[in-house]
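structure_37.txt (compact mmCIF, C-alpha atoms and all ligand atoms)
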# COMPACT_ATOMS: atom_id res chain seq x y z
CA MET A 380 14.80 -16.34 -7.98
CA ASP A 381 17.31 -15.11 -5.42
CA PRO A 382 16.01 -12.18 -3.29
CA LYS A 383 19.54 -10.72 -3.53
CA MET A 384 18.77 -9.73 -7.10
CA PHE A 385 16.65 -6.91 -5.63
CA ASP A 386 19.55 -5.55 -3.55
CA VAL A 387 20.72 -2.06 -4.47
CA GLU A 388 24.52 -2.02 -4.39
CA GLY A 389 25.98 0.68 -2.15
CA ALA A 390 22.56 1.83 -0.92
CA ASP A 391 22.97 4.19 2.01
CA VAL A 392 19.97 3.11 4.11
CA ALA A 393 18.78 6.07 6.19
CA TRP A 394 16.44 4.12 8.52
CA CYS A 395 17.23 3.93 12.25
CA PRO A 396 18.62 0.61 13.54
CA GLY A 397 15.68 -1.53 14.70
CA CYS A 398 13.07 0.25 12.54
CA GLY A 399 10.17 -1.96 11.45
CA ASP A 400 10.74 -0.81 7.84
CA PHE A 401 13.68 -3.26 7.49
CA SER A 402 11.44 -6.33 7.88
CA ILE A 403 8.98 -5.00 5.30
CA LEU A 404 11.85 -4.50 2.86
CA ARG A 405 13.11 -8.02 3.49
CA ALA A 406 9.63 -9.57 3.24
CA LEU A 407 8.95 -7.76 -0.02
CA LYS A 408 12.25 -8.86 -1.61
CA GLU A 409 11.63 -12.48 -0.63
CA VAL A 410 8.03 -12.44 -1.87
CA LEU A 411 9.02 -10.91 -5.22
CA ALA A 412 11.70 -13.58 -5.64
CA GLU A 413 9.26 -16.36 -4.73
CA LEU A 414 6.67 -15.00 -7.15
CA GLU A 415 9.41 -14.73 -9.80
CA ILE A 416 8.69 -11.08 -10.55
CA SER A 417 11.86 -9.57 -12.02
CA PRO A 418 13.01 -5.97 -11.38
CA GLN A 419 12.25 -5.23 -15.05
CA GLU A 420 8.57 -6.19 -14.64
CA LEU A 421 8.17 -4.27 -11.40
CA VAL A 422 7.41 -0.63 -10.60
CA LEU A 423 7.57 0.64 -7.04
CA VAL A 424 5.77 3.90 -6.44
CA SER A 425 6.00 5.98 -3.28
CA GLY A 426 5.43 9.40 -1.82
CA ILE A 427 7.51 11.12 0.87
CA GLY A 428 8.50 9.80 4.30
CA GLN A 429 10.64 7.04 5.80
CA ALA A 430 8.41 4.38 4.22
CA GLY A 431 8.52 6.30 0.95
CA LYS A 432 12.28 5.62 0.81
CA LEU A 433 11.80 1.86 0.44
CA PRO A 434 11.96 1.97 -3.38
CA HIS A 435 15.48 3.45 -3.09
CA TYR A 436 16.57 0.21 -1.41
CA LEU A 437 14.96 -2.35 -3.73
CA LYS A 438 16.10 -2.71 -7.31
CA SER A 439 13.17 -2.03 -9.65
CA ASN A 440 11.66 0.72 -11.76
CA VAL A 441 10.78 3.55 -9.37
CA PHE A 442 8.51 6.57 -9.26
CA ASN A 443 9.00 8.71 -6.15
CA GLY A 444 6.41 11.47 -6.15
CA LEU A 445 4.98 14.16 -3.92
CA HIS A 446 3.77 13.47 -0.39
CA GLY A 447 0.40 11.69 -0.61
CA ARG A 448 0.34 11.57 -4.40
CA SER A 449 1.63 8.07 -5.12
CA LEU A 450 -1.69 6.30 -5.77
CA PRO A 451 -2.72 8.31 -8.86
CA ALA A 452 0.78 7.71 -10.27
CA SER A 453 0.43 3.95 -9.60
CA THR A 454 -2.98 3.83 -11.26
CA THR A 455 -1.68 5.65 -14.33
CA ILE A 456 1.40 3.44 -14.69
CA LYS A 457 -0.79 0.33 -14.53
CA ALA A 458 -3.30 1.82 -16.96
CA VAL A 459 -0.71 2.55 -19.65
CA ASN A 460 1.09 -0.75 -19.16
CA PRO A 461 -1.08 -3.45 -17.56
CA GLU A 462 1.74 -5.98 -18.05
CA LEU A 463 3.73 -4.43 -15.17
CA THR A 464 3.44 -5.35 -11.50
CA VAL A 465 2.81 -2.09 -9.66
CA ILE A 466 3.37 -1.84 -5.92
CA ASN A 467 2.64 1.38 -4.07
CA VAL A 468 4.64 1.73 -0.84
CA SER A 469 4.15 4.60 1.60
CA GLY A 470 3.51 5.59 5.19
CA ASP A 471 0.26 6.02 7.09
CA GLY A 472 0.59 9.82 6.97
CA CYS A 473 1.35 9.82 3.25
CA THR A 474 -1.48 7.43 2.37
CA TYR A 475 -4.26 8.30 4.80
CA GLY A 476 -3.43 11.95 5.63
CA GLU A 477 -1.96 13.97 2.74
CA GLY A 478 -3.15 11.27 0.30
CA GLY A 479 -6.49 10.54 1.97
CA ASN A 480 -8.55 11.81 -0.93
CA HIS A 481 -6.58 9.68 -3.39
CA PHE A 482 -6.90 6.67 -1.09
CA ILE A 483 -10.70 6.91 -1.21
CA HIS A 484 -11.10 7.53 -4.93
CA ASN A 485 -8.50 4.95 -5.85
CA ILE A 486 -10.66 2.30 -4.16
CA ARG A 487 -13.59 3.33 -6.36
CA ARG A 488 -11.44 2.86 -9.48
CA ASN A 489 -9.97 -0.50 -8.46
CA PRO A 490 -6.68 -0.53 -10.39
CA ASP A 491 -4.77 -3.82 -10.25
CA ILE A 492 -2.09 -2.56 -7.84
CA THR A 493 -0.88 -3.51 -4.37
CA ASN A 494 -0.85 -0.76 -1.77
CA VAL A 495 1.62 -1.47 1.05
CA VAL A 496 1.19 1.01 3.91
CA HIS A 497 3.81 1.15 6.65
CA ASN A 498 1.58 2.06 9.56
CA ASN A 499 3.70 3.28 12.48
CA MET A 500 0.94 5.55 13.86
CA VAL A 501 3.27 8.56 13.66
CA TYR A 502 5.02 10.88 11.21
CA GLY A 503 8.53 9.39 11.21
CA LEU A 504 10.47 11.53 8.73
CA THR A 505 9.38 14.87 10.20
CA LYS A 506 10.28 13.70 13.71
CA GLY A 507 7.26 12.42 15.50
CA GLN A 508 4.12 14.49 14.96
CA ALA A 509 0.76 12.68 15.16
CA SER A 510 -0.44 10.94 12.01
CA PRO A 511 -4.06 10.08 11.09
CA THR A 512 -3.66 6.64 12.71
CA SER A 513 -2.13 7.92 15.95
CA GLN A 514 -4.14 6.75 18.90
CA LYS A 515 -6.11 9.11 21.11
CA GLU A 516 -4.06 10.63 23.96
CA PHE A 517 -0.77 9.88 22.13
CA LYS A 518 1.64 12.66 23.15
CA THR A 519 4.02 14.29 20.68
CA PRO A 520 6.06 17.54 20.72
CA LEU A 521 3.17 19.18 18.81
CA GLN A 522 0.29 17.39 20.52
CA ALA A 523 1.84 17.93 23.95
CA GLU A 524 -1.39 17.18 25.81
CA GLY A 525 -2.19 14.20 23.64
CA VAL A 526 -4.09 13.59 20.42
CA ILE A 527 -7.77 14.52 20.73
CA SER A 528 -9.03 13.31 17.32
CA GLU A 529 -10.40 9.83 16.58
CA PRO A 530 -7.88 7.65 14.70
CA PHE A 531 -8.51 7.02 11.01
CA ASN A 532 -9.52 3.40 10.37
CA PRO A 533 -8.24 2.53 6.88
CA LEU A 534 -9.61 -1.02 6.88
CA SER A 535 -13.17 -0.01 7.78
CA ILE A 536 -13.11 2.71 5.15
CA ALA A 537 -11.78 0.33 2.50
CA ILE A 538 -14.40 -2.31 3.34
CA ALA A 539 -17.18 0.30 3.43
CA LEU A 540 -16.11 1.35 -0.08
CA ASP A 541 -16.18 -2.32 -1.16
CA ALA A 542 -12.43 -2.50 -1.88
CA SER A 543 -11.25 -5.56 -3.72
CA PHE A 544 -8.75 -6.90 -1.10
CA VAL A 545 -8.18 -5.64 2.43
CA ALA A 546 -5.56 -7.00 4.82
CA ARG A 547 -3.43 -6.08 7.82
CA ALA A 548 -0.01 -7.47 8.78
CA PHE A 549 2.62 -6.89 11.46
CA SER A 550 6.22 -6.32 10.35
CA GLY A 551 7.48 -8.14 13.48
CA ASP A 552 6.15 -11.39 11.95
CA ILE A 553 7.96 -11.75 8.63
CA SER A 554 6.55 -15.15 7.62
CA GLN A 555 2.89 -14.09 8.03
CA THR A 556 3.60 -10.71 6.43
CA LYS A 557 5.06 -12.58 3.46
CA GLU A 558 1.99 -14.80 3.14
CA ILE A 559 -0.32 -11.78 3.17
CA LEU A 560 1.85 -9.81 0.73
CA LYS A 561 2.01 -12.77 -1.63
CA LYS A 562 -1.76 -13.10 -1.76
CA ALA A 563 -2.16 -9.34 -2.18
CA ILE A 564 0.28 -9.14 -5.10
CA LYS A 565 -1.35 -12.16 -6.78
CA HIS A 566 -4.83 -10.67 -6.27
CA LYS A 567 -6.30 -9.06 -9.38
CA GLY A 568 -7.52 -5.61 -8.36
CA TYR A 569 -6.66 -3.05 -5.71
CA ALA A 570 -5.12 -4.74 -2.66
CA LEU A 571 -4.58 -2.79 0.56
CA VAL A 572 -2.01 -4.23 2.98
CA ASP A 573 -1.77 -2.05 6.07
CA ILE A 574 1.36 -3.19 7.96
CA PHE A 575 1.90 -2.31 11.60
CA GLN A 576 5.50 -1.04 11.61
CA PRO A 577 7.09 0.05 14.87
CA CYS A 578 8.91 3.41 14.70
CA VAL A 579 11.48 2.80 17.43
CA THR A 580 12.59 6.45 17.55
CA PHE A 581 9.40 8.52 17.63
CA ASN A 582 6.69 6.18 18.86
CA LYS A 583 7.58 4.85 22.28
CA VAL A 584 4.00 3.70 22.93
CA ASN A 585 3.23 1.43 19.96
CA THR A 586 6.42 -0.63 20.21
CA PHE A 587 7.18 -4.15 18.87
CA GLN A 588 6.01 -5.56 22.19
CA TRP A 589 2.87 -3.41 22.16
CA PHE A 590 1.91 -4.64 18.67
CA LYS A 591 2.63 -8.22 19.75
CA ASN A 592 0.45 -7.88 22.85
CA ASN A 593 -2.35 -6.04 21.07
CA THR A 594 -2.85 -8.08 17.90
CA TYR A 595 -4.14 -11.54 17.01
CA TYR A 596 -4.61 -13.40 13.72
CA LEU A 597 -8.04 -13.98 12.20
CA ASP A 598 -8.67 -17.72 12.26
CA GLU A 599 -10.32 -20.07 9.77
CA SER A 600 -13.81 -19.19 11.01
CA HIS A 601 -13.37 -15.77 9.37
CA ASP A 602 -14.89 -15.71 5.88
CA PRO A 603 -13.11 -12.99 3.87
CA TYR A 604 -15.95 -13.01 1.31
CA ASP A 605 -18.45 -11.90 3.96
CA ARG A 606 -18.40 -8.10 3.95
CA ASN A 607 -20.41 -7.61 7.15
CA GLN A 608 -18.14 -9.96 9.05
CA ALA A 609 -15.07 -8.20 7.62
CA PHE A 610 -16.42 -4.80 8.68
CA LYS A 611 -17.17 -6.04 12.20
CA ARG A 612 -13.60 -7.30 12.54
CA SER A 613 -12.14 -4.08 11.16
CA VAL A 614 -13.59 -1.97 14.00
CA GLU A 615 -12.09 -4.14 16.72
CA THR A 616 -9.53 -2.18 18.76
CA GLU A 617 -9.24 -4.01 22.05
CA LYS A 618 -6.93 -6.32 20.14
CA TYR A 619 -6.31 -5.56 16.48
CA PRO A 620 -6.96 -8.48 14.11
CA LEU A 621 -4.29 -9.35 11.53
CA GLY A 622 -4.78 -11.27 8.29
CA ILE A 623 -7.00 -11.02 5.24
CA PHE A 624 -10.23 -9.28 6.21
CA TYR A 625 -12.01 -8.96 2.89
CA ILE A 626 -11.83 -10.17 -0.71
CA ASN A 627 -14.19 -8.99 -3.39
CA PRO A 628 -13.11 -10.10 -6.90
CA LYS A 629 -14.30 -7.56 -9.46
CA ARG A 630 -13.28 -5.98 -12.75
CA THR A 631 -10.24 -3.74 -12.56
CA PHE A 632 -9.82 -0.15 -13.71
CA GLU A 633 -7.72 -1.30 -16.68
CA GLU A 634 -10.28 -3.92 -17.70
CA ASN A 635 -12.97 -1.26 -17.69
CA LEU A 636 -11.00 1.09 -19.97
CA THR A 637 -12.52 0.98 -23.44
CA VAL A 638 -9.06 1.41 -24.95
CA TYR A 639 -8.37 -2.24 -24.06
CA SER A 640 -11.75 -3.65 -25.13
CA LYS A 641 -10.50 -4.85 -28.53
CA ASP A 642 -6.73 -4.50 -28.34
CA LYS A 643 -5.01 -5.74 -25.15
CA SER A 644 -1.54 -4.45 -26.04
CA PRO A 645 -0.13 -1.76 -23.73
CA MET A 646 -0.01 1.84 -24.89
CA TYR A 647 3.75 1.99 -25.47
CA LYS A 648 3.55 -0.89 -27.95
CA ARG A 649 0.97 0.88 -30.11
CA GLU A 650 1.63 2.95 -33.15
CA PHE A 651 1.53 6.68 -32.52
CA HIS A 652 -0.86 8.29 -34.98
CA MET A 653 -0.07 12.02 -35.32
CA PRO A 654 -2.88 12.92 -37.78
CA ARG A 655 -5.51 11.44 -35.44
CA LEU A 656 -4.07 13.32 -32.46
CA ARG A 657 -4.10 16.55 -34.53
CA GLU A 658 -7.71 15.89 -35.52
CA LEU A 659 -8.68 15.42 -31.85
CA MET A 660 -6.83 18.60 -30.76
CA ASP A 661 -8.40 20.61 -33.57
CA SER A 662 -11.88 19.36 -32.69
CA LYS A 663 -11.53 21.05 -29.25
CA LYS A 664 -10.57 24.48 -30.61
C1 LIG B 701 2.17 18.22 1.08
C2 LIG B 701 3.22 17.98 2.13
N1 LIG B 701 2.88 18.14 3.42
C3 LIG B 701 3.79 17.90 4.37
C4 LIG B 701 5.07 17.52 4.04
C5 LIG B 701 6.09 17.26 5.14
N2 LIG B 701 6.25 15.83 5.41
C6 LIG B 701 7.24 15.12 4.81
S1 LIG B 701 7.26 13.51 5.33
C7 LIG B 701 5.94 13.79 6.37
C8 LIG B 701 5.39 12.72 7.25
C9 LIG B 701 5.65 11.32 6.80
O1 LIG B 701 4.96 10.43 7.61
P1 LIG B 701 4.41 9.06 7.08
O2 LIG B 701 3.80 9.22 5.76
O3 LIG B 701 3.58 8.44 8.14
O4 LIG B 701 5.74 8.22 6.81
P2 LIG B 701 6.92 7.77 7.80
O5 LIG B 701 7.98 8.83 7.68
O6 LIG B 701 6.34 7.65 9.16
O7 LIG B 701 7.34 6.45 7.24
C10 LIG B 701 5.49 15.11 6.29
C11 LIG B 701 4.36 15.66 7.07
C12 LIG B 701 5.40 17.36 2.68
N3 LIG B 701 6.59 16.91 2.27
N4 LIG B 701 4.45 17.59 1.74
S1 LIG B 702 12.24 7.59 12.49
FE1 LIG B 702 10.96 5.80 12.89
S2 LIG B 702 10.11 5.22 10.90
FE2 LIG B 702 11.87 6.56 10.54
S3 LIG B 702 13.60 5.18 10.24
FE3 LIG B 702 13.58 5.80 12.38
S4 LIG B 702 12.43 4.19 13.40
FE4 LIG B 702 11.97 4.02 11.23

As structure tokens, what does this structure read like?
Ligand SMILES: Cc1ncc(C[n+]2csc(CCOP(=O)(O)OP(=O)(O)O)c2C)c(N)n1
Ligand code: SF4
Amino acid sequence: MDPKMFDVEGADVAWCPGCGDFSILRALKEVLAELEISPQELVLVSGIGQAGKLPHYLKSNVFNGLHGRSLPASTTIKAVNPELTVINVSGDGCTYGEGGNHFIHNIRRNPDITNVVHNNMVYGLTKGQASPTSQKEFKTPLQAEGVISEPFNPLSIAIALDASFVARAFSGDISQTKEILKKAIKHKGYALVDIFQPCVTFNKVNTFQWFKNNTYYLDESHDPYDRNQAFKRSVETEKYPLGIFYINPKRTFEENLTVYSKDKSPMYKREFHMPRLRELMDSKK
């Protein structure tokens, strides 16, 4: 497929020139085309923020919800129609801050969705306040003397909760980001891809060059099926590892739903049975 088929004609892209979001958009379009996933089979789900605007710029079915509330929507969409490819795209604030509770409980459920998090270590849309992943001592107009809280470590939390697929990429390296995204989308189960994404306007510390200097790729000696090893790597901060940290194949949320135990057809293809619904409603009176 041609990645251009995902272009949205006349889209008025609101991102700043040089923003790391552009490379994520490009990588995602190319990966979808290479995996031959059509816009009709795809649903992009996001919350609020600069990252949350990505679905406006990529032709697909879209659900744009409240800040932090995209994961439950993704899980539900996949549950009612497991034939769709569901990709959740949002920022670090949206996913780990306002949506932190959903992030945790979504991992327990393990829906077959891909969760792409644009991690720029700042709140971009609301003009540069600290986010949960902002580093200690990072100065902002609100945290004028620097952030005093410990940064949230999404990878360690995901591995501790035995998530099905945990990875980190850097938007400055499109080819590696594509490889990681491809594996995440193909993975059956919840796949977290945290992507370092420079915010060139509001984060003058964690720049493209900073991410380049402070990251390295996990090499072949890393066994992504070894949870202890994955956890050890996830806490490294002197240089942040990139790549696939952890894979744990397990049954998905949809597979565990009894509604699919005998009949695999999605909900919308099933006959609606009004008398049975009435019976159920009446039984709760
Ligand atoms: C419940 C709620 N709290 C706060 C806001 C205000 N708000 C909108 S976007 C945003 C920050 C977005 O940051 P992030 O999710 O990191 O995405 P980015 O803009 O950096 O891509 C905030 C705090 C809101 N819309 N809803
Ligand atoms: S404010 Fe930051 S995250 Fe938002 S578009 Fe500009 S560079 Fe990108």

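Between CA of Asn443 in chain A and CA of Ser425 in chain A the separation is 5.0 Å.
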
Surrounding residues of Phe517 in chain A excluding itself and chain neighbours under 4 positions, 12 Å, all atoms listed in the file, as a PDB file with C-alpha atoms, in the frame of the given file:
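In the end it all went to part23.pdb:
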ATOM      1  CA  MET A 500       0.940   5.550  13.860  1.00  0.00           C
ATOM      2  CA  VAL A 501       3.270   8.560  13.660  1.00  0.00           C
ATOM      3  CA  GLY A 507       7.260  12.420  15.500  1.00  0.00           C
ATOM      4  CA  GLN A 508       4.120  14.490  14.960  1.00  0.00           C
ATOM      5  CA  ALA A 509       0.760  12.680  15.160  1.00  0.00           C
ATOM      6  CA  SER A 510      -0.440  10.940  12.010  1.00  0.00           C
ATOM      7  CA  PRO A 511      -4.060  10.080  11.090  1.00  0.00           C
ATOM      8  CA  THR A 512      -3.660   6.640  12.710  1.00  0.00           C
ATOM      9  CA  SER A 513      -2.130   7.920  15.950  1.00  0.00           C
ATOM     10  CA  LEU A 521       3.170  19.180  18.810  1.00  0.00           C
ATOM     11  CA  GLN A 522       0.290  17.390  20.520  1.00  0.00           C
ATOM     12  CA  ALA A 523       1.840  17.930  23.950  1.00  0.00           C
ATOM     13  CA  GLU A 524      -1.390  17.180  25.810  1.00  0.00           C
ATOM     14  CA  GLY A 525      -2.190  14.200  23.640  1.00  0.00           C
ATOM     15  CA  VAL A 526      -4.090  13.590  20.420  1.00  0.00           C
ATOM     16  CA  ILE A 527      -7.770  14.520  20.730  1.00  0.00           C
ATOM     17  CA  SER A 528      -9.030  13.310  17.320  1.00  0.00           C
ATOM     18  CA  GLU A 529     -10.400   9.830  16.580  1.00  0.00           C
ATOM     19  CA  PRO A 530      -7.880   7.650  14.700  1.00  0.00           C
ATOM     20  CA  PHE A 581       9.400   8.520  17.630  1.00  0.00           C
ATOM     21  CA  ASN A 582       6.690   6.180  18.860  1.00  0.00           C
ATOM     22  CA  LYS A 583       7.580   4.850  22.280  1.00  0.00           C
ATOM     23  CA  VAL A 584       4.000   3.700  22.930  1.00  0.00           C
ATOM     24  CA  ASN A 585       3.230   1.430  19.960  1.00  0.00           C
TER      25      ASN A 585
END

Select the residues contacting ligand LIG 702 (chain B) at a distance of at most 7 Å, based on only C-alpha atoms and all ligand atoms, then format the selection as an MDAnalysis selection string. chainID A and resid 393:395 397:400 429:430 499 503:504 506 577:581

For the selection you just gave me, I'd like the residues written to a file as a CSV table (one decimal), keeping the file's coordinate frame, keeping C-alpha atoms.
chain,number,residue,atom,x,y,z
A,393,ALA,CA,18.8,6.1,6.2
A,394,TRP,CA,16.4,4.1,8.5
A,395,CYS,CA,17.2,3.9,12.2
A,397,GLY,CA,15.7,-1.5,14.7
A,398,CYS,CA,13.1,0.2,12.5
A,399,GLY,CA,10.2,-2.0,11.4
A,400,ASP,CA,10.7,-0.8,7.8
A,429,GLN,CA,10.6,7.0,5.8
A,430,ALA,CA,8.4,4.4,4.2
A,499,ASN,CA,3.7,3.3,12.5
A,503,GLY,CA,8.5,9.4,11.2
A,504,LEU,CA,10.5,11.5,8.7
A,506,LYS,CA,10.3,13.7,13.7
A,577,PRO,CA,7.1,0.0,14.9
A,578,CYS,CA,8.9,3.4,14.7
A,579,VAL,CA,11.5,2.8,17.4
A,580,THR,CA,12.6,6.4,17.6
A,581,PHE,CA,9.4,8.5,17.6

Compile the contact shell of range 602-614 of chain A as an MDAnalysis selection string: residues with an atom at most 10 Å away, counting only C-alpha atoms, same-chain residues fewer than 4 positions apart removed. chainID A and resid 532:539 541 544:547 597:598 619:628

Using C-alpha atoms, can you write the selected residues to a file as a CSV table (one decimal), in the coordinates of the input?
chain,number,residue,atom,x,y,z
A,532,ASN,CA,-9.5,3.4,10.4
A,533,PRO,CA,-8.2,2.5,6.9
A,534,LEU,CA,-9.6,-1.0,6.9
A,535,SER,CA,-13.2,0.0,7.8
A,536,ILE,CA,-13.1,2.7,5.2
A,537,ALA,CA,-11.8,0.3,2.5
A,538,ILE,CA,-14.4,-2.3,3.3
A,539,ALA,CA,-17.2,0.3,3.4
A,541,ASP,CA,-16.2,-2.3,-1.2
A,544,PHE,CA,-8.8,-6.9,-1.1
A,545,VAL,CA,-8.2,-5.6,2.4
A,546,ALA,CA,-5.6,-7.0,4.8
A,547,ARG,CA,-3.4,-6.1,7.8
A,597,LEU,CA,-8.0,-14.0,12.2
A,598,ASP,CA,-8.7,-17.7,12.3
A,619,TYR,CA,-6.3,-5.6,16.5
A,620,PRO,CA,-7.0,-8.5,14.1
A,621,LEU,CA,-4.3,-9.4,11.5
A,622,GLY,CA,-4.8,-11.3,8.3
A,623,ILE,CA,-7.0,-11.0,5.2
A,624,PHE,CA,-10.2,-9.3,6.2
A,625,TYR,CA,-12.0,-9.0,2.9
A,626,ILE,CA,-11.8,-10.2,-0.7
A,627,ASN,CA,-14.2,-9.0,-3.4
A,628,PRO,CA,-13.1,-10.1,-6.9

Pick from A:Val392, A:Val495, A:Lys664, A:Glu477, whichever lies nearest to Ile564 in chain A using only C-alpha atoms: A:Val495

Between A:Ser402, A:Phe632, A:Lys557, A:Gly431, single out the one closest to His484 in chain A, counting all atoms listed in the file. A:Phe632

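Minimum distance to ligand LIG 701 (chain B) across A:Glu617, A:Asp391, A:Glu413, A:Asp573 (counting all atoms listed in the file) occurs at A:Asp573.
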
Excluding Val422 in chain A and any residue of its chain fewer than 5 positions from it, enumerate the residues within 9 Å of it, using only C-alpha atoms, and give them as a PyMOL selection string. chain A and resi 434+439-442+453+456+463-467

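Distances to ligand LIG 701 (chain B) were evaluated for A:Leu407, A:Ala390, A:Ala412, A:Ile574 using all atoms listed in the file, and the minimum falls at A:Ile574.
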
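Put simply, CA of Asn489 in chain A is 11.9 Å away from CA of Thr455 in chain A.
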
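Interatomic distance, CA of Ala406 in chain A against CA of Ser543 in chain A: 22.4 Å.
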
Around (3.3, 8.2, -0.1) in the file's own coordinates, what residues are found within 8 Å if you use all atoms listed in the file, given back as a ChimeraX atom specification? /A:425-428,430-431,444-450,467-470,472-474,478

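You can rank A:Thr556, A:Asn593, A:Thr454, A:Ser417 by their closest distance to Ile486 in chain A using all atoms listed in the file, and at the top of that list sits A:Thr454.
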
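The closest residue to ligand LIG 701 (chain B), picked from A:Ile403, A:Ile416, A:Asn498, A:Leu411 and counting all atoms listed in the file, is A:Asn498.
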
Would you place a box with edges along x, y and z of the file around all atoms of ligand LIG 701 (chain B) listed there, add 4 Å to each of its six sides, and report the centre and edge lengths in Å to one decimal, as lines of an AutoDock Vina configuration file?
center_x = 5.1
center_y = 12.3
center_z = 5.1
size_x = 13.8
size_y = 19.8
size_z = 16.1

Start from the incomplete input, build all heavy atoms for range 386-392 of chain A, and deliver everything as a JSON list (two decimals), in the coordinates of the input.
[["chain", "number", "residue", "atom", "x", "y", "z"],
["A", 386, "ASP", "N", 18.69, -6.44, -4.37],
["A", 386, "ASP", "CA", 19.55, -5.55, -3.55],
["A", 386, "ASP", "C", 20.07, -4.39, -4.40],
["A", 386, "ASP", "O", 20.40, -4.57, -5.57],
["A", 386, "ASP", "CB", 20.76, -6.34, -3.00],
["A", 386, "ASP", "CG", 20.35, -7.33, -1.92],
["A", 386, "ASP", "OD1", 19.18, -7.30, -1.50],
["A", 386, "ASP", "OD2", 21.21, -8.15, -1.52],
["A", 387, "VAL", "N", 20.15, -3.23, -3.78],
["A", 387, "VAL", "CA", 20.72, -2.06, -4.47],
["A", 387, "VAL", "C", 22.14, -1.89, -3.94],
["A", 387, "VAL", "O", 22.33, -1.59, -2.76],
["A", 387, "VAL", "CB", 19.88, -0.79, -4.20],
["A", 387, "VAL", "CG1", 20.50, 0.43, -4.85],
["A", 387, "VAL", "CG2", 18.45, -0.99, -4.67],
["A", 388, "GLU", "N", 23.10, -2.09, -4.81],
["A", 388, "GLU", "CA", 24.52, -2.02, -4.39],
["A", 388, "GLU", "C", 24.85, -0.63, -3.86],
["A", 388, "GLU", "O", 24.49, 0.38, -4.47],
["A", 388, "GLU", "CB", 25.42, -2.32, -5.57],
["A", 388, "GLU", "CG", 26.05, -3.70, -5.47],
["A", 388, "GLU", "CD", 26.84, -4.04, -6.70],
["A", 388, "GLU", "OE1", 27.84, -3.34, -6.93],
["A", 388, "GLU", "OE2", 26.41, -4.96, -7.42],
["A", 389, "GLY", "N", 25.51, -0.60, -2.71],
["A", 389, "GLY", "CA", 25.98, 0.68, -2.15],
["A", 389, "GLY", "C", 24.87, 1.56, -1.61],
["A", 389, "GLY", "O", 25.10, 2.76, -1.38],
["A", 390, "ALA", "N", 23.67, 1.00, -1.42],
["A", 390, "ALA", "CA", 22.56, 1.83, -0.92],
["A", 390, "ALA", "C", 22.88, 2.32, 0.49],
["A", 390, "ALA", "O", 23.30, 1.53, 1.34],
["A", 390, "ALA", "CB", 21.27, 1.02, -0.91],
["A", 391, "ASP", "N", 22.70, 3.60, 0.71],
["A", 391, "ASP", "CA", 22.97, 4.19, 2.01],
["A", 391, "ASP", "C", 21.62, 4.27, 2.75],
["A", 391, "ASP", "O", 20.89, 5.24, 2.60],
["A", 391, "ASP", "CB", 23.58, 5.58, 1.77],
["A", 391, "ASP", "CG", 23.93, 6.28, 3.07],
["A", 391, "ASP", "OD1", 23.97, 5.60, 4.11],
["A", 391, "ASP", "OD2", 24.14, 7.52, 3.04],
["A", 392, "VAL", "N", 21.31, 3.20, 3.50],
["A", 392, "VAL", "CA", 19.97, 3.11, 4.11],
["A", 392, "VAL", "C", 19.88, 4.10, 5.29],
["A", 392, "VAL", "O", 20.67, 4.04, 6.22],
["A", 392, "VAL", "CB", 19.66, 1.66, 4.56],
["A", 392, "VAL", "CG1", 18.26, 1.59, 5.17],
["A", 392, "VAL", "CG2", 19.75, 0.71, 3.37]]
